[in-house]
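Working notes, beginning with the structure itself.
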Amino acid sequence: MSGLYAAATTSMGAWMWRNHTQWVAEKTRELAKKYGADTEAVYCAALLHDLGDSRYERGDADFDTWSWNTSKEILKKAGYRKAERDKILEAIRTHSCHPGHLPTAIEGKILATADGMWHLQTSFFPVICYMNRPDDTHTYTQWQEWFKGKIERDFATKIFFEDEKEEVRNDYEALKRVFGTTPLDDVA
């Protein structure tokens with residue numbers, strides 16, 4: 001796994017392995033023990049959940065397909081049975097918590113929670129989200145609106161457990177204060 005990230009051909013690939021993937025994986029272990037989930041399954045899902053970043057830039061047409069197929073291949077080569085692979089892949093598929101694609105299994109909820117916590121507790125939003133903002137975001141005010149949607153999804157939708165939501169609440173509130181939706185021309 002680390003070899004794919006080490007050989008990354010993208011702007012975020014190697015950085016994601018060092019700064020994001022491993023943190024999320026360790027957090028999933030902690031949460032799996034706390035909430036009685038399959039620790040190995042959720043840990044594997046965490047290691048694979050952003051695998052596409054090692055090969056493709058976000059938004060590339062092949063990002064999701066390559067990530068999905070490569071994850072399936074890795075799990076199969078590692079000897080996971082189909083039911084185990086399906087559980088891991090379902091956690092990966094739903095971890096972003098887009099409308100209509102929320103995790104139902106505890107492993108998916110744990111992966112989504114760990115991922116959302118990392119987003120809110122690190123420099124992810126002010127650095128990565130601004131550098132990788134959508135192509136249709138041309139002004140700071142447009143970015144603020146997009147950003148607001150991202151942090152709301154991470155806090156309100158991705159974090160499934162109240163203890164963890166409370167752990168990141170101050171970080172979430174600080175991000176809203178610092179990068180809120182007050183237009184620059186309205187600032188005194």
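Residue names in the structure tokens use chain letters A, B, ... in the order shown, residue numbers from 1 in each chain, and ligand numbers from 1 in the order shown.
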Can you tell me which residues surround region 104-115 of chain A at a distance of at most 9 Å, considering only C-alpha atoms, apart from same-chain residues fewer than 3 positions away, and format the answer as a compact mmCIF listing (two decimals) with all heavy atoms, in the first residue's frame?
```txt
# COMPACT_ATOMS: atom_id res chain seq x y z
N HIS A 20 -2.45 12.06 5.92
CA HIS A 20 -3.89 11.81 6.04
C HIS A 20 -4.20 10.33 6.25
O HIS A 20 -4.80 9.96 7.27
CB HIS A 20 -4.61 12.32 4.79
CG HIS A 20 -6.07 12.01 4.74
ND1 HIS A 20 -6.98 12.52 5.65
CD2 HIS A 20 -6.79 11.20 3.91
CE1 HIS A 20 -8.19 12.06 5.37
NE2 HIS A 20 -8.10 11.26 4.33
N THR A 21 -3.82 9.49 5.33
CA THR A 21 -4.23 8.09 5.34
C THR A 21 -3.84 7.39 6.63
O THR A 21 -4.66 6.69 7.24
CB THR A 21 -3.65 7.35 4.12
OG1 THR A 21 -4.04 8.07 2.94
CG2 THR A 21 -4.14 5.93 4.05
N TRP A 23 -3.10 8.68 9.58
CA TRP A 23 -3.82 9.26 10.72
C TRP A 23 -5.23 8.68 10.79
O TRP A 23 -5.69 8.27 11.85
CB TRP A 23 -3.86 10.78 10.60
CG TRP A 23 -4.40 11.51 11.78
CD1 TRP A 23 -3.67 12.13 12.76
CD2 TRP A 23 -5.78 11.72 12.13
NE1 TRP A 23 -4.51 12.71 13.69
CE2 TRP A 23 -5.81 12.47 13.32
CE3 TRP A 23 -6.99 11.36 11.55
CZ2 TRP A 23 -7.00 12.86 13.95
CZ3 TRP A 23 -8.18 11.74 12.18
CH2 TRP A 23 -8.17 12.48 13.36
N VAL A 24 -5.91 8.68 9.65
CA VAL A 24 -7.28 8.16 9.60
C VAL A 24 -7.29 6.68 9.97
O VAL A 24 -8.15 6.23 10.74
CB VAL A 24 -7.93 8.41 8.22
CG1 VAL A 24 -9.26 7.67 8.09
CG2 VAL A 24 -8.11 9.90 7.97
N ALA A 25 -6.34 5.91 9.48
CA ALA A 25 -6.28 4.48 9.79
C ALA A 25 -6.11 4.24 11.29
O ALA A 25 -6.79 3.39 11.88
CB ALA A 25 -5.16 3.82 9.00
N GLU A 26 -5.22 4.98 11.92
CA GLU A 26 -5.03 4.83 13.36
C GLU A 26 -6.28 5.24 14.14
O GLU A 26 -6.66 4.60 15.12
CB GLU A 26 -3.81 5.60 13.84
CG GLU A 26 -2.49 4.98 13.39
CD GLU A 26 -2.36 3.51 13.79
OE1 GLU A 26 -2.68 3.15 14.94
OE2 GLU A 26 -1.94 2.71 12.94
N LYS A 27 -6.92 6.30 13.71
CA LYS A 27 -8.16 6.76 14.37
C LYS A 27 -9.25 5.70 14.22
O LYS A 27 -10.03 5.46 15.15
CB LYS A 27 -8.61 8.10 13.79
CG LYS A 27 -9.86 8.67 14.42
CD LYS A 27 -9.75 8.89 15.93
CE LYS A 27 -9.10 10.18 16.27
NZ LYS A 27 -9.17 10.47 17.72
N THR A 28 -9.32 5.02 13.06
CA THR A 28 -10.36 3.99 12.88
C THR A 28 -10.12 2.82 13.84
O THR A 28 -11.08 2.24 14.34
CB THR A 28 -10.45 3.47 11.44
OG1 THR A 28 -9.24 2.85 11.05
CG2 THR A 28 -10.85 4.57 10.47
N LEU A 31 -11.48 3.97 17.18
CA LEU A 31 -12.94 4.03 17.20
C LEU A 31 -13.56 2.64 17.08
O LEU A 31 -14.61 2.38 17.69
CB LEU A 31 -13.44 4.94 16.07
CG LEU A 31 -13.06 6.41 16.18
CD1 LEU A 31 -13.52 7.19 14.95
CD2 LEU A 31 -13.60 7.04 17.45
N ALA A 32 -12.95 1.76 16.32
CA ALA A 32 -13.48 0.39 16.18
C ALA A 32 -13.48 -0.32 17.53
O ALA A 32 -14.45 -1.02 17.87
CB ALA A 32 -12.66 -0.39 15.15
N TYR A 35 -16.31 1.28 19.70
CA TYR A 35 -17.69 1.04 19.29
C TYR A 35 -17.97 -0.40 18.87
O TYR A 35 -19.05 -0.70 18.38
CB TYR A 35 -18.08 2.02 18.18
CG TYR A 35 -18.13 3.45 18.69
CD1 TYR A 35 -17.15 4.37 18.33
CD2 TYR A 35 -19.13 3.85 19.57
CE1 TYR A 35 -17.18 5.67 18.81
CE2 TYR A 35 -19.17 5.15 20.06
CZ TYR A 35 -18.19 6.05 19.68
OH TYR A 35 -18.22 7.33 20.17
N GLY A 36 -17.01 -1.31 19.06
CA GLY A 36 -17.24 -2.72 18.81
C GLY A 36 -17.34 -3.11 17.35
O GLY A 36 -18.08 -4.03 17.00
N ALA A 37 -16.59 -2.46 16.49
CA ALA A 37 -16.62 -2.77 15.05
C ALA A 37 -15.49 -3.74 14.70
O ALA A 37 -14.62 -4.04 15.52
CB ALA A 37 -16.47 -1.49 14.25
N ASP A 38 -15.50 -4.21 13.48
CA ASP A 38 -14.45 -5.08 12.95
C ASP A 38 -13.22 -4.21 12.69
O ASP A 38 -13.13 -3.51 11.68
CB ASP A 38 -14.96 -5.73 11.65
CG ASP A 38 -13.98 -6.69 11.02
OD1 ASP A 38 -12.75 -6.56 11.26
OD2 ASP A 38 -14.43 -7.57 10.26
N THR A 39 -12.27 -4.27 13.62
CA THR A 39 -11.08 -3.41 13.56
C THR A 39 -10.28 -3.62 12.29
O THR A 39 -9.86 -2.65 11.65
CB THR A 39 -10.19 -3.64 14.80
OG1 THR A 39 -10.98 -3.42 15.97
CG2 THR A 39 -8.99 -2.72 14.82
N ALA A 41 -11.25 -4.79 9.34
CA ALA A 41 -11.98 -4.33 8.16
C ALA A 41 -11.94 -2.81 8.04
O ALA A 41 -11.66 -2.27 6.96
CB ALA A 41 -13.43 -4.80 8.21
N VAL A 42 -12.19 -2.11 9.14
CA VAL A 42 -12.22 -0.65 9.06
C VAL A 42 -10.81 -0.09 8.88
O VAL A 42 -10.63 0.92 8.19
CB VAL A 42 -12.97 -0.03 10.27
CG1 VAL A 42 -12.15 -0.06 11.53
CG2 VAL A 42 -13.45 1.36 9.96
N TYR A 43 -9.80 -0.74 9.44
CA TYR A 43 -8.42 -0.30 9.23
C TYR A 43 -8.03 -0.46 7.75
O TYR A 43 -7.45 0.45 7.16
CB TYR A 43 -7.48 -1.11 10.13
CG TYR A 43 -6.05 -0.68 10.05
CD1 TYR A 43 -5.60 0.48 10.67
CD2 TYR A 43 -5.11 -1.45 9.36
CE1 TYR A 43 -4.26 0.88 10.60
CE2 TYR A 43 -3.77 -1.07 9.29
CZ TYR A 43 -3.36 0.09 9.92
OH TYR A 43 -2.04 0.48 9.84
N ALA A 45 -10.08 -0.50 5.21
CA ALA A 45 -10.85 0.50 4.47
C ALA A 45 -10.17 1.86 4.57
O ALA A 45 -10.09 2.59 3.58
CB ALA A 45 -12.28 0.57 5.01
N ALA A 46 -9.66 2.20 5.74
CA ALA A 46 -9.00 3.49 5.93
C ALA A 46 -7.73 3.58 5.07
O ALA A 46 -7.46 4.62 4.47
CB ALA A 46 -8.66 3.71 7.40
N HIS A 49 -9.05 4.15 1.45
CA HIS A 49 -10.17 5.05 1.16
C HIS A 49 -9.84 6.20 0.22
O HIS A 49 -10.73 6.70 -0.45
CB HIS A 49 -10.81 5.56 2.46
CG HIS A 49 -10.14 6.72 3.09
ND1 HIS A 49 -8.99 6.61 3.84
CD2 HIS A 49 -10.46 8.03 3.10
CE1 HIS A 49 -8.63 7.79 4.28
NE2 HIS A 49 -9.50 8.69 3.84
N LYS A 87 -17.53 -5.87 2.66
CA LYS A 87 -17.69 -5.02 3.85
C LYS A 87 -16.70 -3.86 3.80
O LYS A 87 -17.06 -2.71 4.06
CB LYS A 87 -17.43 -5.84 5.12
CG LYS A 87 -17.55 -5.01 6.40
CD LYS A 87 -17.00 -5.70 7.63
CE LYS A 87 -17.83 -6.85 8.08
NZ LYS A 87 -17.41 -7.35 9.42
N ILE A 88 -15.46 -4.13 3.44
CA ILE A 88 -14.43 -3.10 3.35
C ILE A 88 -14.75 -2.11 2.24
O ILE A 88 -14.68 -0.89 2.43
CB ILE A 88 -13.04 -3.75 3.16
CG1 ILE A 88 -12.66 -4.55 4.41
CG2 ILE A 88 -11.98 -2.70 2.82
CD1 ILE A 88 -11.49 -5.50 4.21
N GLU A 90 -17.62 -1.43 0.90
CA GLU A 90 -18.81 -0.64 1.21
C GLU A 90 -18.45 0.53 2.13
O GLU A 90 -18.96 1.64 1.97
CB GLU A 90 -19.90 -1.51 1.83
CG GLU A 90 -21.18 -0.78 2.16
CD GLU A 90 -21.90 -0.17 0.96
OE1 GLU A 90 -21.58 -0.48 -0.20
OE2 GLU A 90 -22.81 0.65 1.20
N ALA A 91 -17.57 0.29 3.08
CA ALA A 91 -17.12 1.38 3.96
C ALA A 91 -16.42 2.46 3.14
O ALA A 91 -16.64 3.66 3.35
CB ALA A 91 -16.20 0.84 5.05
N ILE A 92 -15.59 2.05 2.19
CA ILE A 92 -14.89 3.01 1.33
C ILE A 92 -15.90 3.78 0.47
O ILE A 92 -15.84 5.01 0.37
CB ILE A 92 -13.86 2.29 0.43
CG1 ILE A 92 -12.76 1.66 1.27
CG2 ILE A 92 -13.29 3.25 -0.61
CD1 ILE A 92 -11.87 0.68 0.49
N ARG A 93 -16.82 3.06 -0.14
CA ARG A 93 -17.78 3.67 -1.06
C ARG A 93 -18.63 4.75 -0.40
O ARG A 93 -18.93 5.77 -1.01
CB ARG A 93 -18.70 2.60 -1.65
CG ARG A 93 -19.64 3.11 -2.73
CD ARG A 93 -20.59 2.04 -3.22
NE ARG A 93 -21.61 1.70 -2.25
CZ ARG A 93 -22.69 2.44 -1.99
NH1 ARG A 93 -22.90 3.56 -2.65
NH2 ARG A 93 -23.57 2.05 -1.07
N THR A 94 -18.96 4.56 0.86
CA THR A 94 -19.87 5.48 1.53
C THR A 94 -19.18 6.48 2.45
O THR A 94 -19.86 7.33 3.04
CB THR A 94 -20.91 4.69 2.35
OG1 THR A 94 -20.23 3.87 3.31
CG2 THR A 94 -21.78 3.82 1.44
N HIS A 95 -17.87 6.45 2.59
CA HIS A 95 -17.20 7.28 3.60
C HIS A 95 -17.34 8.78 3.35
O HIS A 95 -17.23 9.56 4.29
CB HIS A 95 -15.72 6.89 3.73
CG HIS A 95 -14.80 7.59 2.80
ND1 HIS A 95 -14.58 7.15 1.51
CD2 HIS A 95 -14.07 8.71 2.96
CE1 HIS A 95 -13.73 7.98 0.92
NE2 HIS A 95 -13.40 8.93 1.78
N SER A 96 -17.57 9.20 2.14
CA SER A 96 -17.70 10.63 1.86
C SER A 96 -19.06 11.19 2.25
O SER A 96 -19.22 12.41 2.35
CB SER A 96 -17.43 10.92 0.38
OG SER A 96 -16.08 10.66 0.08
N CYS A 97 -20.03 10.31 2.45
CA CYS A 97 -21.37 10.71 2.93
C CYS A 97 -22.07 11.70 2.01
O CYS A 97 -22.71 12.65 2.46
CB CYS A 97 -21.30 11.27 4.35
SG CYS A 97 -20.78 10.04 5.56
N TRP A 118 -10.38 14.20 10.84
CA TRP A 118 -9.09 14.66 10.31
C TRP A 118 -9.27 15.98 9.56
O TRP A 118 -8.49 16.90 9.73
CB TRP A 118 -8.46 13.60 9.41
CG TRP A 118 -7.10 14.01 8.94
CD1 TRP A 118 -5.92 13.82 9.60
CD2 TRP A 118 -6.78 14.71 7.74
NE1 TRP A 118 -4.89 14.35 8.86
CE2 TRP A 118 -5.40 14.91 7.73
CE3 TRP A 118 -7.54 15.19 6.68
CZ2 TRP A 118 -4.74 15.56 6.68
CZ3 TRP A 118 -6.89 15.84 5.65
CH2 TRP A 118 -5.51 16.01 5.65
N HIS A 119 -10.32 16.05 8.75
CA HIS A 119 -10.56 17.28 7.99
C HIS A 119 -10.70 18.48 8.91
O HIS A 119 -10.21 19.56 8.60
CB HIS A 119 -11.83 17.16 7.16
CG HIS A 119 -11.74 16.17 6.04
ND1 HIS A 119 -12.85 15.71 5.38
CD2 HIS A 119 -10.68 15.54 5.48
CE1 HIS A 119 -12.47 14.85 4.45
NE2 HIS A 119 -11.17 14.73 4.49
N LEU A 120 -11.37 18.30 10.03
CA LEU A 120 -11.65 19.42 10.93
C LEU A 120 -10.52 19.71 11.91
O LEU A 120 -10.43 20.83 12.43
CB LEU A 120 -12.95 19.15 11.70
CG LEU A 120 -14.21 19.13 10.84
CD1 LEU A 120 -15.38 18.54 11.61
CD2 LEU A 120 -14.54 20.51 10.31
N ASP A 154 -18.85 17.56 6.83
CA ASP A 154 -17.94 16.84 7.71
C ASP A 154 -18.44 16.80 9.14
O ASP A 154 -18.39 15.76 9.80
CB ASP A 154 -16.54 17.44 7.66
CG ASP A 154 -15.72 16.89 6.50
OD1 ASP A 154 -16.04 15.82 5.99
OD2 ASP A 154 -14.74 17.55 6.12
N PHE A 155 -18.93 17.91 9.64
CA PHE A 155 -19.36 17.95 11.04
C PHE A 155 -20.73 17.31 11.23
O PHE A 155 -20.90 16.44 12.09
CB PHE A 155 -19.38 19.39 11.55
CG PHE A 155 -19.72 19.49 13.01
CD1 PHE A 155 -18.79 19.15 13.98
CD2 PHE A 155 -20.98 19.89 13.42
CE1 PHE A 155 -19.10 19.22 15.33
CE2 PHE A 155 -21.31 19.96 14.76
CZ PHE A 155 -20.36 19.63 15.72
N THR A 157 -22.76 15.55 9.02
CA THR A 157 -23.13 14.31 8.34
C THR A 157 -22.11 13.20 8.52
O THR A 157 -22.50 12.05 8.73
CB THR A 157 -23.33 14.58 6.83
OG1 THR A 157 -24.26 15.66 6.69
CG2 THR A 157 -23.87 13.36 6.12
N LYS A 158 -20.82 13.51 8.46
CA LYS A 158 -19.80 12.46 8.48
C LYS A 158 -19.47 11.95 9.89
O LYS A 158 -19.05 10.81 10.03
CB LYS A 158 -18.51 12.94 7.81
CG LYS A 158 -18.63 13.03 6.31
CD LYS A 158 -17.32 13.40 5.67
CE LYS A 158 -16.45 12.19 5.54
NZ LYS A 158 -15.28 12.43 4.68
N ILE A 159 -19.61 12.78 10.88
CA ILE A 159 -19.26 12.35 12.24
C ILE A 159 -20.51 11.78 12.90
O ILE A 159 -21.43 12.52 13.26
CB ILE A 159 -18.63 13.50 13.04
CG1 ILE A 159 -17.35 13.95 12.31
CG2 ILE A 159 -18.33 13.06 14.47
CD1 ILE A 159 -16.66 15.14 12.93
N PHE A 160 -20.53 10.46 13.05
CA PHE A 160 -21.72 9.73 13.48
C PHE A 160 -21.84 9.58 14.99
O PHE A 160 -22.88 9.14 15.47
CB PHE A 160 -21.73 8.34 12.84
CG PHE A 160 -22.13 8.36 11.40
CD1 PHE A 160 -21.18 8.60 10.41
CD2 PHE A 160 -23.44 8.16 11.02
CE1 PHE A 160 -21.55 8.64 9.08
CE2 PHE A 160 -23.81 8.18 9.68
CZ PHE A 160 -22.87 8.43 8.72
N PHE A 161 -20.81 9.90 15.74
CA PHE A 161 -20.80 9.62 17.17
C PHE A 161 -20.67 10.91 17.97
O PHE A 161 -19.83 11.76 17.68
CB PHE A 161 -19.65 8.66 17.49
CG PHE A 161 -19.65 7.44 16.62
CD1 PHE A 161 -18.79 7.34 15.53
CD2 PHE A 161 -20.53 6.40 16.86
CE1 PHE A 161 -18.80 6.23 14.70
CE2 PHE A 161 -20.56 5.28 16.04
CZ PHE A 161 -19.69 5.19 14.95
N GLU A 164 -17.22 12.01 19.53
CA GLU A 164 -16.28 12.52 18.53
C GLU A 164 -16.73 13.87 18.00
O GLU A 164 -15.92 14.75 17.71
CB GLU A 164 -16.08 11.49 17.42
CG GLU A 164 -15.23 10.30 17.84
CD GLU A 164 -15.85 9.42 18.93
OE1 GLU A 164 -17.09 9.26 18.96
OE2 GLU A 164 -15.09 8.91 19.77
N LYS A 165 -18.04 14.06 17.89
CA LYS A 165 -18.56 15.36 17.45
C LYS A 165 -18.18 16.43 18.47
O LYS A 165 -17.76 17.54 18.10
CB LYS A 165 -20.07 15.28 17.27
CG LYS A 165 -20.63 16.44 16.47
CD LYS A 165 -22.07 16.19 16.07
CE LYS A 165 -22.05 15.40 14.78
NZ LYS A 165 -23.33 15.41 14.07
```
Just the residues within 9 Å of Glu145 (chain A), please, counting only C-alpha atoms, with nothing from its chain fewer than 4 positions along; format it as a PyMOL selection string. chain A and resi 140-141+149-150+180-181
Here is a test: counting only C-alpha atoms, which residue of A:Lys77, A:Lys34, A:Arg55, A:Asp135 is nearest to Gly3 (chain A)?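 Under the stated criterion, the closest residue is A:Arg55.
Counting only C-alpha atoms, the residue from A:Asp86, A:Thr139, A:Gln121, A:Thr65 that sits nearest to Glu173 (chain A) is A:Gln121.
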Name the residues of region 41-150 of chain A that fall into helix (DSSP H, G or I) according to DSSP on the backbone, using the chain letters and numbers of this document, as a PyMOL selection string. chain A and resi 41-48+51-54+63-77+82-94+106-121+124-131+140-150
Show which residues sit within 9 Å of Gly13 (chain A), as JSON, numbers by chain. Count only C-alpha atoms, and ignore same-chain residues fewer than 6 positions away. {"A": [4, 5, 6, 7, 51, 52, 53, 54, 55, 56, 57]}
